[in-house]
Structure formats: C-alpha cells, structure tokens
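Structure file query-v7.csv with CSV, C-alpha atoms:
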chain,number,residue,atom,x,y,z
Y,1,MET,CA,2.2,-12.5,25.8
Y,2,THR,CA,1.5,-14.9,22.9
Y,3,GLU,CA,3.3,-13.8,19.8
Y,4,GLN,CA,0.9,-12.6,17.1
Y,5,PRO,CA,0.8,-14.4,13.7
Y,6,ILE,CA,2.2,-12.6,10.7
Y,7,ARG,CA,-0.5,-11.7,8.2
Y,8,PRO,CA,0.1,-10.7,4.6
Y,9,ALA,CA,-0.9,-7.1,3.8
Y,10,ALA,CA,-0.7,-4.6,1.0
Y,11,THR,CA,-0.4,-0.8,0.9
Y,12,VAL,CA,-0.6,1.8,-1.9
Y,13,VAL,CA,1.6,4.9,-1.8
Y,14,LEU,CA,-0.4,7.1,-4.2
Y,15,TYR,CA,1.4,10.2,-5.4
Y,16,ARG,CA,0.7,13.1,-7.7
Y,17,GLU,CA,3.0,15.7,-9.3
Y,18,THR,CA,2.2,19.4,-8.7
Y,19,PRO,CA,4.0,22.6,-9.7
Y,20,GLY,CA,5.4,22.7,-6.2
Y,21,GLY,CA,6.6,19.1,-6.2
Y,22,ALA,CA,5.2,15.6,-5.5
Y,23,SER,CA,2.5,15.0,-2.9
Y,24,VAL,CA,1.4,11.6,-1.4
Y,25,LEU,CA,-2.0,10.6,-0.1
Y,26,MET,CA,-2.1,9.9,3.6
Y,27,GLY,CA,-4.7,9.5,6.4
Y,28,GLN,CA,-4.8,9.2,10.2
Y,29,ARG,CA,-5.7,6.1,12.0
Y,30,GLY,CA,-8.2,6.4,14.9
Y,31,ALA,CA,-7.0,7.0,18.4
Y,32,GLY,CA,-8.6,3.8,19.6
Y,33,ALA,CA,-7.0,1.6,16.9
Y,34,VAL,CA,-5.1,-1.4,18.3
Y,35,PHE,CA,-2.4,-1.1,15.7
Y,36,MET,CA,-0.6,2.3,15.2
Y,37,PRO,CA,-3.3,4.4,16.9
Y,38,SER,CA,-3.4,8.1,15.8
Y,39,LYS,CA,-0.6,7.6,13.3
Y,40,PHE,CA,-0.6,9.0,9.8
Y,41,VAL,CA,-0.2,6.1,7.2
Y,42,PHE,CA,-0.7,5.2,3.6
Y,43,PRO,CA,-3.9,3.3,2.8
Y,44,GLY,CA,-3.6,-0.4,3.1
Y,45,GLY,CA,-4.5,-3.5,5.2
Y,46,ALA,CA,-4.5,-7.3,5.4
Y,47,VAL,CA,-5.1,-9.6,2.5
Y,48,ASP,CA,-8.5,-11.1,2.6
Y,49,PRO,CA,-9.1,-14.8,1.7
Y,50,ASP,CA,-11.1,-13.9,-1.4
Y,51,ASP,CA,-8.5,-11.4,-2.8
Y,52,GLY,CA,-6.8,-14.1,-4.8
Y,53,GLU,CA,-10.0,-15.0,-6.6
Y,54,VAL,CA,-10.6,-11.4,-7.9
Y,55,PRO,CA,-9.9,-11.2,-11.6
Y,56,LEU,CA,-7.6,-8.4,-12.7
Y,57,ALA,CA,-7.9,-6.2,-15.7
Y,58,ARG,CA,-4.6,-7.6,-17.1
Y,59,PRO,CA,-2.0,-10.1,-16.1
Y,60,LEU,CA,0.8,-9.1,-13.8
Y,61,PRO,CA,4.0,-8.1,-15.5
Y,62,GLY,CA,6.6,-10.9,-15.1
Y,63,THR,CA,9.1,-8.8,-13.1
Y,64,LEU,CA,6.4,-7.7,-10.7
Y,65,ARG,CA,5.0,-11.2,-10.3
Y,66,ASP,CA,8.5,-12.7,-9.7
Y,67,ALA,CA,9.4,-10.0,-7.1
Y,68,LEU,CA,6.2,-10.5,-5.2
Y,69,ALA,CA,6.6,-14.3,-5.2
Y,70,ARG,CA,10.2,-14.3,-3.8
Y,71,ASP,CA,10.3,-15.8,-0.3
Y,72,SER,CA,6.5,-15.7,-0.1
Y,73,ASP,CA,3.6,-18.2,-0.1
Y,74,VAL,CA,1.0,-15.6,-0.9
Y,75,PRO,CA,-0.1,-15.5,-4.6
Y,76,PRO,CA,1.1,-12.2,-6.2
Y,77,GLN,CA,-2.3,-11.6,-7.6
Y,78,ALA,CA,-3.8,-11.6,-4.1
Y,79,LEU,CA,-1.4,-9.0,-2.9
Y,80,VAL,CA,-2.1,-6.7,-5.8
Y,81,ALA,CA,-5.9,-7.1,-5.5
Y,82,ALA,CA,-5.7,-6.4,-1.7
Y,83,ALA,CA,-3.7,-3.2,-2.3
Y,84,LEU,CA,-6.3,-1.9,-4.8
Y,85,ARG,CA,-9.2,-3.0,-2.7
Y,86,GLU,CA,-7.8,-1.3,0.4
Y,87,LEU,CA,-7.2,1.9,-1.5
Y,88,ALA,CA,-10.8,1.9,-2.6
Y,89,GLU,CA,-12.2,1.1,0.8
Y,90,GLU,CA,-10.1,3.6,2.8
Y,91,THR,CA,-10.0,6.5,0.4
Y,92,GLY,CA,-12.7,6.0,-2.2
Y,93,GLN,CA,-10.0,6.1,-5.0
Y,94,ILE,CA,-10.2,3.5,-7.7
Y,95,ILE,CA,-7.5,2.2,-10.1
Y,96,ALA,CA,-9.3,-0.1,-12.5
Y,97,ALA,CA,-10.2,-0.7,-16.2
Y,98,PRO,CA,-13.4,-1.8,-17.9
Y,99,GLY,CA,-14.4,-5.4,-17.2
Y,100,ALA,CA,-16.8,-7.7,-15.4
Y,101,GLY,CA,-16.4,-10.1,-12.5
Y,102,CYS,CA,-15.5,-8.0,-9.5
Y,103,ASP,CA,-18.2,-7.3,-6.9
Y,104,TRP,CA,-16.3,-4.8,-4.8
Y,105,PRO,CA,-18.2,-1.6,-4.0
Y,106,GLY,CA,-17.5,1.1,-6.6
Y,107,PHE,CA,-16.1,-1.5,-9.1
Y,108,SER,CA,-19.3,-2.2,-11.0
Y,109,GLY,CA,-18.3,-2.9,-14.6
Y,110,LEU,CA,-14.6,-2.5,-13.6
Y,111,LEU,CA,-11.7,-4.7,-12.8
Y,112,PRO,CA,-8.7,-3.7,-10.6
Y,113,ASP,CA,-5.8,-2.8,-12.9
Y,114,PRO,CA,-2.2,-3.5,-11.8
Y,115,ARG,CA,-0.6,-1.7,-14.8
Y,116,ASP,CA,0.6,1.3,-13.0
Y,117,LEU,CA,1.7,-0.4,-9.7
Y,118,ARG,CA,5.3,-0.5,-8.8
Y,119,PHE,CA,6.5,-2.8,-5.9
Y,120,VAL,CA,8.7,-0.5,-3.9
Y,121,PHE,CA,9.0,-1.9,-0.3
Y,122,ARG,CA,8.4,-4.9,1.9
Y,123,ALA,CA,8.4,-5.0,5.7
Y,124,ILE,CA,7.6,-7.5,8.4
Y,125,THR,CA,6.4,-6.1,11.7
Y,126,PRO,CA,8.9,-6.8,14.5
Y,127,PRO,CA,7.9,-9.3,17.3
Y,128,GLY,CA,6.1,-7.9,20.4
Y,129,ARG,CA,3.6,-5.8,18.5
Y,130,PRO,CA,-0.2,-6.2,19.0
Y,131,ARG,CA,-0.5,-6.9,15.2
Y,132,ARG,CA,2.1,-8.2,12.8
Y,133,PHE,CA,2.0,-8.0,9.1
Y,134,ASP,CA,4.2,-8.9,6.1
Y,135,ALA,CA,3.4,-5.8,4.1
Y,136,ARG,CA,4.1,-5.0,0.5
Y,137,PHE,CA,4.1,-1.4,-0.6
Y,138,PHE,CA,3.1,-0.3,-4.1
Y,139,LEU,CA,3.7,3.1,-5.6
Y,140,ALA,CA,1.1,4.4,-8.0
Y,141,PRO,CA,0.6,7.7,-9.8
Y,142,ALA,CA,-2.7,9.7,-9.3
Y,143,THR,CA,-2.9,9.8,-13.1
Y,144,ALA,CA,-4.0,6.1,-12.9
Y,145,LEU,CA,-7.1,6.9,-11.0
Y,146,LEU,CA,-10.6,6.7,-12.5
Y,147,THR,CA,-11.9,8.9,-9.6
Y,148,ASP,CA,-11.5,12.6,-8.6
Y,149,PRO,CA,-8.3,12.6,-6.5
Y,150,ASP,CA,-9.8,15.2,-4.2
Y,151,ASP,CA,-13.1,13.4,-3.6
Y,152,PHE,CA,-13.0,11.2,-0.5
Y,153,THR,CA,-16.8,11.0,0.0
Y,154,ARG,CA,-16.8,7.2,-0.8
Y,155,ALA,CA,-14.1,6.4,1.8
Y,156,GLU,CA,-14.9,4.3,4.8
Y,157,ASP,CA,-14.1,5.6,8.3
Y,158,GLU,CA,-10.9,3.7,9.0
Y,159,LEU,CA,-8.8,6.7,8.1
Y,160,SER,CA,-9.5,10.3,8.9
Y,161,HIS,CA,-8.0,13.6,7.7
Y,162,LEU,CA,-7.3,12.1,4.2
Y,163,GLN,CA,-5.1,14.6,2.4
Y,164,TRP,CA,-2.5,15.1,-0.2
Y,165,VAL,CA,0.7,15.9,1.7
Y,166,PRO,CA,3.8,17.4,0.0
Y,167,LEU,CA,6.7,15.1,0.5
Y,168,GLU,CA,8.7,17.5,2.6
Y,169,ALA,CA,5.7,18.3,4.8
Y,170,ALA,CA,4.9,14.7,5.3
Y,171,ARG,CA,8.1,14.2,7.2
Y,172,GLY,CA,6.7,16.4,10.0
Y,173,LEU,CA,3.6,14.2,10.6
Y,174,ASP,CA,3.3,11.7,13.4
Y,175,MET,CA,3.9,8.4,11.6
Y,176,PRO,CA,5.3,4.9,12.3
Y,177,PHE,CA,9.0,4.4,11.7
Y,178,ILE,CA,8.4,2.1,8.7
Y,179,THR,CA,6.1,4.7,7.1
Y,180,GLU,CA,9.0,7.2,7.4
Y,181,VAL,CA,11.3,4.7,5.7
Y,182,VAL,CA,8.9,4.1,2.9
Y,183,LEU,CA,8.4,7.8,2.5
Y,184,ALA,CA,12.1,8.3,2.1
Y,185,GLU,CA,12.3,5.5,-0.5
Y,186,THR,CA,9.4,7.1,-2.3
Y,187,ALA,CA,11.2,10.4,-2.5
Y,188,ALA,CA,14.3,8.7,-3.8
Y,189,ILE,CA,12.3,6.9,-6.5
Y,190,LEU,CA,10.6,10.1,-7.6
Y,191,GLU,CA,13.9,11.9,-7.7
Y,192,GLY,CA,15.6,9.1,-9.6
Y,193,THR,CA,18.2,8.4,-6.8
Y,194,ASP,CA,16.9,5.0,-5.5
Y,195,ALA,CA,19.2,2.0,-5.4
Y,196,PRO,CA,18.5,-1.1,-7.5
Y,197,GLY,CA,16.1,-3.7,-6.1
Y,198,THR,CA,13.2,-3.5,-3.6
Y,199,PRO,CA,14.1,-2.9,0.1
Y,200,PHE,CA,12.9,-5.6,2.5
Y,201,PHE,CA,12.9,-5.1,6.3
Y,202,ASP,CA,12.7,-8.7,7.5
Y,203,ASN,CA,11.7,-8.8,11.2
Y,204,SER,CA,10.3,-12.4,11.1
Y,205,GLY,CA,12.8,-13.6,13.6
Y,206,ASP,CA,14.6,-12.2,16.7
Y,207,THR,CA,17.1,-10.3,14.5
Y,208,SER,CA,16.2,-7.6,12.0
Y,209,THR,CA,17.6,-8.2,8.5
Y,210,PHE,CA,17.7,-5.7,5.7
Y,211,LEU,CA,17.7,-7.1,2.1
Y,212,ARG,CA,17.0,-5.9,-1.4
Y,213,LEU,CA,14.8,-8.2,-3.5
Just give me the structure of the file as structure tokens.
Amino acid sequence: MTEQPIRPAATVVLYRETPGGASVLMGQRGAGAVFMPSKFVFPGGAVDPDDGEVPLARPLPGTLRDALARDSDVPPQALVAAALRELAEETGQIIAAPGAGCDWPGFSGLLPDPRDLRFVFRAITPPGRPRRFDARFFLAPATALLTDPDDFTRAEDELSHLQWVPLEAARGLDMPFITEVVLAETAAILEGTDAPGTPFFDNSGDTSTFLRL
C-alpha cells in the first residue's frame, strides 16, 4: 500500500464549566467514514489552501505563533483559522469578533478570533493509516462563543450525536487513542496539574517519538 501523505490539520477542544465539573464538546463520525469510522472525536479537520488568507480579528500572541511555527512549514495563522472554521462547520459554534473580510458561512460581519485559543497538543498519525494528519489541538472555553452552546442546528452532517460530555463520562466513549490522550491532557490542564510545554506525538517516521514543544 502506498503511504498516505501527511496533511496539516487543526482541532478545537471546546469545554465549559458546570456545577458538576467540566464538560467537552464531542461528536461521532459516521460509520462509513474512511478515517476513524464511528469514533467520538473533537471537531476538526484538514487545513484548506485558503485558510492562510483569512484575516483574523487580532494578531496571534507571540508565544502561540512561535509554538505553532516550531518544526512546521504551515503558517500559524492558517492552523488557527482552520481550527475555527472546522468548529463552525461541524458544530455551528462560532468564536469570532466584529470585522469584515471573512466569507465563511455564519461569519458575516465577523472575523475568527484567536484570543481564547490555547495550543495544547500536536500529533502526527502513524504510518499505515488510510489518512494521515499533522494535527494541532486547541483548547477553548465555551465562554468565548458568540453562539448558543446547546444549539447545533447550523452544524453540517460530518459529526452526529453532538453533545457536551462530562470529562469523566467521556472516557467511556469509543474514541481513537489519540483522542483519549488529548482528553487526559485537557483534564490535567483544567485541574492545573499539566506539565510545562505542549505534548507532541511525532509519528512521522518508523519510530514514534514523544516531545514537548
């Protein structure tokens, strides 16, 4: 089998605090999907060629820009824009600020806003998979949304069963290994027990390497 190319991708781990603890927004991929069928995942997907041209509501913070640029030839702005676009497409939820110049559905008079994004994980899909991605995961609070966090009527049909899942309950869902790892990192961040740096599972070669960026 010809090895699949590694495509840049971006994902948003959206969370909200409740009296019973934190919950995260997840959905289920279709049973016929080529990549991770029937698995529960966070909203996200591949970077589109035009994502780097989308204006943002404000410049990326220097620390975020530098972390995204490390060992990468993808413009940091494109990764952030892709994450917010995928969030809007797959869930109907929008993180933006007033501004003109973005023609994405639902962003009329708005620009995607990176202010509340935190880069929390990076992972490259191992060889031998039907699709391979170099995915960056961003954590964002539901308080950053301009939309009703319980309204998914504007979502496209790529993810079903969109729901806010308590962190403890999420561990019982059928999800990919890397989603489990990101979920654990998310819990550590929200509890204040995470280690310094951003975890990076580098599976670009034959040997898996774990780094912290």
Exercise. Kindly indicate which residue among Y:Ala9, Y:Leu87, Y:Ile95, Y:Ala188 lies nearest to Y:Met26, using all atoms listed in the file for the distances.
Key: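 Distance minimum relative to Y:Met26 lands on Y:Leu87.
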Exercise. Please measure the separation of atom CA of Y:Thr11 and atom CA of Y:Ala155, giving the value in Å to one decimal.
Key: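 So the answer is 15.5 Å.
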Give me, as a compact mmCIF listing (two decimals) with C-alpha atoms, in the frame of the given file, all polymer residues having an atom no more than 12 Å from stretch 51-56 of chain Y, counting all atoms listed in the file and skipping those fewer than 4 positions away in the same chain.
# COMPACT_ATOMS: atom_id res chain seq x y z
CA PRO Y 8 0.10 -10.70 4.60
CA ALA Y 9 -0.90 -7.10 3.80
CA ALA Y 10 -0.70 -4.60 1.00
CA GLY Y 45 -4.50 -3.50 5.20
CA ALA Y 46 -4.50 -7.30 5.40
CA VAL Y 47 -5.10 -9.60 2.50
CA LEU Y 60 0.80 -9.10 -13.80
CA PRO Y 61 4.00 -8.10 -15.50
CA VAL Y 74 1.00 -15.60 -0.90
CA PRO Y 75 -0.10 -15.50 -4.60
CA PRO Y 76 1.10 -12.20 -6.20
CA GLN Y 77 -2.30 -11.60 -7.60
CA ALA Y 78 -3.80 -11.60 -4.10
CA LEU Y 79 -1.40 -9.00 -2.90
CA VAL Y 80 -2.10 -6.70 -5.80
CA ALA Y 81 -5.90 -7.10 -5.50
CA ALA Y 82 -5.70 -6.40 -1.70
CA ALA Y 83 -3.70 -3.20 -2.30
CA LEU Y 84 -6.30 -1.90 -4.80
CA ARG Y 85 -9.20 -3.00 -2.70
CA GLU Y 86 -7.80 -1.30 0.40
CA ILE Y 95 -7.50 2.20 -10.10
CA ALA Y 96 -9.30 -0.10 -12.50
CA ALA Y 97 -10.20 -0.70 -16.20
CA PRO Y 98 -13.40 -1.80 -17.90
CA GLY Y 99 -14.40 -5.40 -17.20
CA ALA Y 100 -16.80 -7.70 -15.40
CA GLY Y 101 -16.40 -10.10 -12.50
CA CYS Y 102 -15.50 -8.00 -9.50
CA ASP Y 103 -18.20 -7.30 -6.90
CA TRP Y 104 -16.30 -4.80 -4.80
CA PHE Y 107 -16.10 -1.50 -9.10
CA LEU Y 110 -14.60 -2.50 -13.60
CA LEU Y 111 -11.70 -4.70 -12.80
CA PRO Y 112 -8.70 -3.70 -10.60
CA ASP Y 113 -5.80 -2.80 -12.90
CA PRO Y 114 -2.20 -3.50 -11.80
CA ARG Y 115 -0.60 -1.70 -14.80
Quiz prompt | Nearest residue to Y:Thr153 from the set Y:Gly109, Y:Pro141, Y:Gly92, Y:Pro176 (distances using only C-alpha atoms) | solution =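 Distance minimum relative to Y:Thr153 lands on Y:Gly92.
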Listing only residues of stretch 13-112 of chain Y within 12 Å of stretch 157-173 of chain Y, what is the closest atom pair and its distance in Å (to one decimal) for each, using only C-alpha atoms, sorted by chain and residue number ascending, as a tab-separated table?
residue	atom	partner	partner_atom	distance
Y:Val13	CA	Y:Trp164	CA	11.1
Y:Leu14	CA	Y:Trp164	CA	9.2
Y:Tyr15	CA	Y:Trp164	CA	8.1
Y:Arg16	CA	Y:Trp164	CA	8.4
Y:Glu17	CA	Y:Pro166	CA	9.5
Y:Thr18	CA	Y:Pro166	CA	9.1
Y:Pro19	CA	Y:Pro166	CA	11.0
Y:Gly20	CA	Y:Pro166	CA	8.3
Y:Gly21	CA	Y:Pro166	CA	7.0
Y:Ala22	CA	Y:Pro166	CA	6.0
Y:Ser23	CA	Y:Pro166	CA	4.0
Y:Val24	CA	Y:Val165	CA	5.3
Y:Leu25	CA	Y:Trp164	CA	4.5
Y:Met26	CA	Y:Leu162	CA	5.7
Y:Gly27	CA	Y:Leu162	CA	4.3
Y:Gln28	CA	Y:Ser160	CA	5.0
Y:Arg29	CA	Y:Leu159	CA	5.0
Y:Gly30	CA	Y:Leu159	CA	6.8
Y:Ala31	CA	Y:Ser160	CA	10.4
Y:Gly32	CA	Y:Glu158	CA	10.8
Y:Ala33	CA	Y:Glu158	CA	9.1
Y:Phe35	CA	Y:Glu158	CA	11.8
Y:Met36	CA	Y:Leu159	CA	11.7
Y:Pro37	CA	Y:Leu159	CA	10.6
Y:Ser38	CA	Y:Ser160	CA	9.5
Y:Lys39	CA	Y:Leu173	CA	8.3
Y:Phe40	CA	Y:Leu173	CA	6.7
Y:Val41	CA	Y:Leu159	CA	8.7
Y:Phe42	CA	Y:Leu159	CA	9.4
Y:Pro43	CA	Y:Leu159	CA	8.0
Y:Gly44	CA	Y:Leu159	CA	10.1
Y:Gly45	CA	Y:Glu158	CA	10.4
Y:Glu86	CA	Y:Glu158	CA	10.4
Y:Leu87	CA	Y:Leu159	CA	10.9
Y:Ala88	CA	Y:Glu158	CA	11.7
Y:Glu89	CA	Y:Glu158	CA	8.7
Y:Glu90	CA	Y:Glu158	CA	6.3
Y:Thr91	CA	Y:Leu162	CA	7.3
Y:Gly92	CA	Y:Leu162	CA	10.4
Y:Gln93	CA	Y:Leu162	CA	11.3
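Across Y:Leu117, Y:Thr198, Y:Leu211, Y:Glu3, the tightest approach to Y:Ala140 is made by Y:Leu117 when counting all atoms listed in the file.
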Practice problem: Work out how far apart atom CA of Y:Ala135 and atom CA of Y:Arg122 are and give it in Å to one decimal. | Solution: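 Distance between the two atoms: 5.5 Å.
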Y:Thr186 surroundings by all atoms listed in the file, 9 Å radius, close-in-sequence under 3 positions cut, as a PDB file with C-alpha atoms, keeping the file's coordinate frame:
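File produced: selection.pdb:
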ATOM      1  CA  VAL Y  13       1.600   4.900  -1.800  1.00  0.00           C
ATOM      2  CA  VAL Y 120       8.700  -0.500  -3.900  1.00  0.00           C
ATOM      3  CA  LEU Y 139       3.700   3.100  -5.600  1.00  0.00           C
ATOM      4  CA  LEU Y 167       6.700  15.100   0.500  1.00  0.00           C
ATOM      5  CA  VAL Y 181      11.300   4.700   5.700  1.00  0.00           C
ATOM      6  CA  VAL Y 182       8.900   4.100   2.900  1.00  0.00           C
ATOM      7  CA  LEU Y 183       8.400   7.800   2.500  1.00  0.00           C
ATOM      8  CA  ILE Y 189      12.300   6.900  -6.500  1.00  0.00           C
ATOM      9  CA  LEU Y 190      10.600  10.100  -7.600  1.00  0.00           C
ATOM     10  CA  GLU Y 191      13.900  11.900  -7.700  1.00  0.00           C
ATOM     11  CA  ASP Y 194      16.900   5.000  -5.500  1.00  0.00           C
TER      12      ASP Y 194
END
Quiz prompt | Residue among Y:Ala195, Y:Arg136, Y:Thr179, Y:Leu145 lying closest to Y:Arg70, counting only C-alpha atoms | solution = Y:Arg136
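Across the model, the gap from atom CA of Y:Asp202 to atom CA of Y:Gln4 is 15.7 Å.
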